[in-house]
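Remarks on the structure that follows.
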Amino acid sequence: MTSPVWHPYAHLKTQSPAPKVVGGEGPRFTLDTGESLLDATCSWWCMIHGYRHPRLVEAIQRQADALCHVMLGGLTHEPADRLARELVRVTPTGLNHVFFSDSGSVGMEVAMKMAVQYHYLHGKPAKHRMLTLMKAYHGDTAGCMAVCDPEEGMHSLFAGFLPQHHFAPAPTAGFEAGENEVQADLDALRGVLEAHHEEIGALLMEPLLQAAGGLNMTSPHYLRGARELCDEFDVLLVFDEVATGFGRTGKMFAADHADVTPDIMVLSKGLTGGYLGHAATLATDRVHDAFIGDSELHAFMHGPTFMGNPLACRVALESLAVFEEDDYLGRIQALNTVLREELVDDAALRAHPSVADVRVLGATAVIEVHDAEALEGVADFARERGVWLRPFGRWLYTMPAYITSRHDLRHITGAMKHWFLERNSASCAQ
């Protein structure tokens, strides 16, 4: 019997039956066929502790025995209060206020609404459009689709339905680029701000790593320059750290590489270790205090039903405790070393005619190809070798759980590069 589940991003006519997961342990999940697969994608980049982590499971069980859910409208509870304080502690200095929601996309919608209302309350209602970057991906809800890359992104079909915003070129200088090397990128950003700053309320940015838009990796100097430009043109700086937060780039937050505090920061995915959906939109005093006033218009009119869910808050607290107590930043550095050794330093891989680039940042690695056809069949190839890979477009990537061992990570990278090297050898033999 065909499952009634409608799967995401799937062509219904040609999709293969989805493998059924029945359990998981550590960096692997188990299928009903008995297969055990190394999850190279961290279940869309959120399962940073792997599957069935005993502390996270127990935290959910304990909280469920006390309080599963209660509305945050007019009420509060200890897990939400504690999590907000912990997030203020670990995020860049100045992000002192936390608004909860239930997904990264909604967290970004919250950020955009905050920015628009902030400027309205300051007497600048015309500053109601966003500025974002090409190659950006911020989510699949309507507001977020409107600030994703309109050319190479996945939402072009909805262009007539979406509000119009402004876009700046994606940064071209890589993570290692120096201050002078990012100047052309910043000049391009300045050009858009000079032309349209009177209607731009916020610059939205995935700092250092534009994830679903092609895993574009950019320099901390670009973040610093963007911060200065936003201050110059009275534009709020919003960091979308849904994918980059909680260690993915090698530091707790991507902003930490540049020692920059955005006006608003959005967190999700790794926030709960992937165990429950939750998100947080943090704001500085500058943003928050604009909402203090006597008018009804000062109230921030947003309230997701499951914001501050006690189960999600409790497991997020445990996730953060495990992260800090088990030195996850040290683990990530070890993963980064393996990724560089196995992929970036592999001359044969880099020289393969299908490969356009190989790059690594923190616990993220990507092999970019010239043509997406070069990746057709790679998922089945990897599965035969005990690895779950899910490429998209021209990008074959891994974002492993932080508990992945060096041995297991080499198994993942082996599947990635042997896809190219074995096929290259086969084609040469013919």
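Identifiers in this document derive from the order of the structure tokens: chains are assigned A, B, ..., residues are numbered from 1 separately in each chain, and ligands are numbered from 1 in order of occurrence.
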Asn96 (chain A): which residues within 10 Å, counting only C-alpha atoms, same-chain residues fewer than 4 positions away excluded, as a PyMOL selection string? chain A and resi 84-85+87-89+91-92+282-286+288
Next, dump the selected residues to file, keeping only N, CA, C and O atoms, as a short mmCIF file (atom, residue, chain, number, x, y, z; two decimals), in the first residue's frame.
```
data_model
loop_
_atom_site.label_atom_id
_atom_site.label_comp_id
_atom_site.auth_asym_id
_atom_site.auth_seq_id
_atom_site.Cartn_x
_atom_site.Cartn_y
_atom_site.Cartn_z
N ALA A 84 15.93 31.03 27.79
CA ALA A 84 16.16 32.40 27.34
C ALA A 84 17.43 32.96 27.99
O ALA A 84 18.26 33.59 27.32
N ARG A 85 17.60 32.73 29.28
CA ARG A 85 18.80 33.22 29.96
C ARG A 85 20.06 32.57 29.41
O ARG A 85 21.09 33.22 29.24
N LEU A 87 20.51 31.33 26.39
CA LEU A 87 20.79 31.83 25.05
C LEU A 87 21.40 33.22 25.09
O LEU A 87 22.31 33.53 24.31
N VAL A 88 20.94 34.06 25.98
CA VAL A 88 21.56 35.37 26.16
C VAL A 88 23.02 35.20 26.58
O VAL A 88 23.90 35.94 26.12
N ARG A 89 23.29 34.21 27.41
CA ARG A 89 24.66 33.98 27.88
C ARG A 89 25.61 33.55 26.76
O ARG A 89 26.74 34.04 26.69
N THR A 91 25.18 33.64 23.27
CA THR A 91 25.20 34.36 22.00
C THR A 91 26.04 35.62 22.13
O THR A 91 26.43 36.02 23.22
N PRO A 92 26.35 36.29 21.00
CA PRO A 92 27.15 37.51 21.06
C PRO A 92 26.59 38.55 22.02
O PRO A 92 25.36 38.70 22.15
N LEU A 282 16.53 36.32 18.67
CA LEU A 282 17.10 37.17 19.71
C LEU A 282 17.28 38.59 19.20
O LEU A 282 17.60 38.80 18.02
N ALA A 283 17.11 39.56 20.07
CA ALA A 283 17.23 40.96 19.68
C ALA A 283 18.02 41.74 20.72
O ALA A 283 18.05 41.39 21.90
N THR A 284 18.63 42.81 20.27
CA THR A 284 19.37 43.70 21.17
C THR A 284 18.41 44.63 21.91
O THR A 284 17.22 44.72 21.57
N ASP A 285 18.94 45.31 22.91
CA ASP A 285 18.14 46.31 23.62
C ASP A 285 17.60 47.36 22.66
O ASP A 285 16.46 47.83 22.79
N ARG A 286 18.44 47.75 21.70
CA ARG A 286 18.03 48.78 20.73
C ARG A 286 16.74 48.40 20.03
O ARG A 286 15.82 49.22 19.89
N HIS A 288 14.55 45.81 20.97
CA HIS A 288 13.51 45.50 21.95
C HIS A 288 12.88 46.75 22.53
O HIS A 288 11.65 46.86 22.65
#
```
Tell me, which residues of region 63-279 of chain A carry DSSP strand (DSSP E or B), written as a ChimeraX atom specification? /A:95-101,129-133,166-168,200-205,209-210,216-217,236-240,264-267,279
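Using only C-alpha atoms for every distance, the candidate list A:Ser3, A:Asn336, A:Thr141, A:Thr364 yields A:Asn336 as the residue closest to Arg406 (chain A).
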Report as JSON, numbers by chain: the residues of region 11-242 of chain A with a DSSP assignment of alpha helix (DSSP H), based on the backbone of this structure. {"A": [42, 43, 44, 45, 54, 55, 56, 57, 58, 59, 60, 61, 62, 63, 64, 65, 66, 78, 79, 80, 81, 82, 83, 84, 85, 86, 87, 88, 89, 90, 104, 105, 106, 107, 108, 109, 110, 111, 112, 113, 114, 115, 116, 117, 118, 119, 120, 121, 142, 143, 144, 145, 183, 184, 185, 186, 187, 188, 189, 190, 191, 192, 193, 194, 195, 196, 220, 221, 222, 223, 224, 225, 226, 227, 228, 229, 230, 231, 232]}
Contacts of Ala312 (chain A) at 12 Å or less, counting only C-alpha atoms, minus same-chain residues fewer than 3 places along, as a PyMOL selection string? chain A and resi 56-57+59-61+63-64+67-70+79-80+83+100-103+268-280+306-309+315-319
Residues within 10 Å of Val21 (chain A), please, as a tab-separated table (two decimals) with N, CA and C atoms, in the first residue's frame. Count only C-alpha atoms; anything in the same chain fewer than 3 positions from it doesn't count.
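See result.tsv below for the written result:
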```tsv
chain	number	residue	atom	x	y	z
A	18	ALA	N	10.31	5.83	-0.24
A	18	ALA	CA	11.21	6.33	0.80
A	18	ALA	C	11.61	5.20	1.74
A	24	GLY	N	17.53	4.56	15.64
A	24	GLY	CA	18.83	5.19	15.45
A	24	GLY	C	19.66	5.12	16.70
A	29	PHE	N	21.29	5.73	11.60
A	29	PHE	CA	19.90	5.32	11.77
A	29	PHE	C	19.71	3.97	11.09
A	30	THR	N	18.65	3.25	11.52
A	30	THR	CA	18.40	1.89	11.07
A	30	THR	C	17.12	1.84	10.27
A	31	LEU	N	17.15	1.12	9.15
A	31	LEU	CA	15.98	0.95	8.30
A	31	LEU	C	15.27	-0.35	8.61
A	32	ASP	N	14.02	-0.44	8.15
A	32	ASP	CA	13.27	-1.67	8.39
A	32	ASP	C	13.84	-2.86	7.61
A	33	THR	N	14.75	-2.60	6.69
A	33	THR	CA	15.45	-3.66	5.97
A	33	THR	C	16.58	-4.26	6.79
A	34	GLY	N	16.89	-3.61	7.92
A	34	GLY	CA	18.03	-4.02	8.73
A	34	GLY	C	19.28	-3.23	8.44
A	35	GLU	N	19.25	-2.39	7.39
A	35	GLU	CA	20.42	-1.58	7.07
A	35	GLU	C	20.69	-0.55	8.16
A	36	SER	N	21.95	-0.34	8.44
A	36	SER	CA	22.38	0.71	9.35
A	36	SER	C	23.21	1.71	8.55
A	37	LEU	N	22.74	2.95	8.46
A	37	LEU	CA	23.37	3.94	7.60
A	37	LEU	C	23.96	5.09	8.41
```
For region 234-251 of chain A, find every residue with an atom within 7 Å (counting only C-alpha atoms), except residues of its own chain fewer than 3 positions away, and show them as an NGL selection string. :A and (45 or 104 or 115 or 200-207 or 209 or 211 or 227 or 230-231 or 254 or 256-257 or 262-270 or 329 or 332-333 or 361-364)
Go ahead and save the residues from that selection, with N, CA and C atoms, as a compact mmCIF listing (two decimals), in the first residue's frame.
```txt
# COMPACT_ATOMS: atom_id res chain seq x y z
N TRP A 45 20.89 18.69 9.11
CA TRP A 45 21.85 19.53 9.83
C TRP A 45 21.46 19.84 11.27
N GLY A 104 12.71 27.33 12.10
CA GLY A 104 13.63 28.35 11.61
C GLY A 104 12.96 29.34 10.67
N ALA A 115 11.88 43.92 12.39
CA ALA A 115 12.61 44.99 11.72
C ALA A 115 11.65 46.03 11.15
N ILE A 200 14.86 50.21 2.88
CA ILE A 200 15.39 48.95 3.40
C ILE A 200 15.39 48.98 4.92
N GLY A 201 14.70 48.02 5.53
CA GLY A 201 14.64 47.95 6.98
C GLY A 201 15.72 47.08 7.59
N ALA A 202 16.14 46.02 6.86
CA ALA A 202 17.10 45.09 7.43
C ALA A 202 17.87 44.39 6.32
N LEU A 203 19.11 44.05 6.62
CA LEU A 203 19.93 43.18 5.79
C LEU A 203 19.89 41.80 6.41
N LEU A 204 19.42 40.82 5.66
CA LEU A 204 19.34 39.43 6.13
C LEU A 204 20.54 38.67 5.57
N MET A 205 21.19 37.90 6.42
CA MET A 205 22.39 37.22 5.99
C MET A 205 22.59 35.91 6.73
N GLU A 206 22.96 34.85 5.99
CA GLU A 206 23.47 33.63 6.59
C GLU A 206 24.97 33.84 6.76
N PRO A 207 25.46 34.10 7.94
CA PRO A 207 26.84 34.50 8.09
C PRO A 207 27.82 33.36 7.83
N LEU A 209 28.33 31.01 5.94
CA LEU A 209 27.95 29.80 5.21
C LEU A 209 26.52 29.94 4.70
N ALA A 211 23.89 28.14 3.32
CA ALA A 211 23.75 26.69 3.34
C ALA A 211 23.00 26.15 2.12
N ARG A 227 28.32 44.97 8.96
CA ARG A 227 27.89 45.61 10.20
C ARG A 227 28.09 47.13 10.10
N CYS A 230 25.51 48.69 7.67
CA CYS A 230 24.17 48.75 8.26
C CYS A 230 24.05 49.92 9.24
N ASP A 231 25.09 50.12 10.03
CA ASP A 231 25.07 51.25 10.96
C ASP A 231 25.04 52.58 10.19
N ALA A 254 28.50 31.63 13.99
CA ALA A 254 29.32 32.19 12.92
C ALA A 254 29.72 33.62 13.23
N ASP A 256 30.73 34.76 15.86
CA ASP A 256 31.90 34.79 16.74
C ASP A 256 33.20 34.87 15.96
N HIS A 257 33.23 34.39 14.73
CA HIS A 257 34.44 34.48 13.91
C HIS A 257 34.81 35.94 13.63
N PRO A 262 24.91 41.05 15.65
CA PRO A 262 23.82 41.56 14.81
C PRO A 262 22.75 42.19 15.69
N ASP A 263 21.85 42.91 15.07
CA ASP A 263 20.72 43.46 15.81
C ASP A 263 19.71 42.37 16.16
N ILE A 264 19.61 41.40 15.28
CA ILE A 264 18.68 40.28 15.47
C ILE A 264 19.38 39.00 15.01
N MET A 265 19.21 37.92 15.75
CA MET A 265 19.79 36.63 15.38
C MET A 265 18.71 35.55 15.50
N VAL A 266 18.67 34.66 14.52
CA VAL A 266 17.68 33.59 14.50
C VAL A 266 18.38 32.24 14.65
N LEU A 267 17.88 31.42 15.57
CA LEU A 267 18.44 30.09 15.85
C LEU A 267 17.36 29.03 15.73
N SER A 268 17.76 27.86 15.26
CA SER A 268 16.87 26.71 15.24
C SER A 268 17.74 25.47 15.04
N LYS A 269 17.29 24.46 14.32
CA LYS A 269 18.02 23.23 14.03
C LYS A 269 18.76 22.71 15.26
N GLY A 270 20.05 23.03 15.42
CA GLY A 270 20.83 22.52 16.54
C GLY A 270 20.40 23.03 17.90
N LEU A 329 33.23 21.96 20.66
CA LEU A 329 34.07 22.77 19.76
C LEU A 329 35.38 22.05 19.47
N ILE A 332 34.50 19.37 16.96
CA ILE A 332 34.31 19.95 15.63
C ILE A 332 35.65 20.23 14.97
N GLN A 333 36.61 20.71 15.74
CA GLN A 333 37.94 20.94 15.18
C GLN A 333 38.56 19.64 14.68
N LEU A 361 34.45 24.13 5.94
CA LEU A 361 34.38 25.13 7.01
C LEU A 361 33.77 24.46 8.23
N GLY A 362 34.49 24.47 9.34
CA GLY A 362 34.00 23.82 10.54
C GLY A 362 33.68 22.37 10.27
N ALA A 363 32.49 21.93 10.64
CA ALA A 363 32.06 20.56 10.40
C ALA A 363 31.15 20.50 9.18
N THR A 364 31.58 21.15 8.11
CA THR A 364 30.85 21.16 6.85
C THR A 364 31.84 20.99 5.72
```
Just the number, please: distance in Å from CA of Lys13 (chain A) to CA of Ala159 (chain A), one decimal. 24.5 Å
To one decimal place in Å, what is the distance between CA of His122 (chain A) and CA of His298 (chain A)? 10.8 Å
With distances taken over only C-alpha atoms, the candidate from A:Met154, A:Leu409, A:Ala321, A:Val355 nearest Val90 (chain A) is A:Ala321
From A:Phe161, A:Phe392, A:Tyr51, A:Tyr328, residue lying nearest Gly377 (chain A) [only C-alpha atoms]: A:Phe392
Might you pull out every residue within 10 Å of Phe167 (chain A), with only C-alpha atoms counted and same-chain residues fewer than 5 positions away left off, and present them as number ranges by chain? A: 130-136, 147-150, 189, 192-193, 203-204
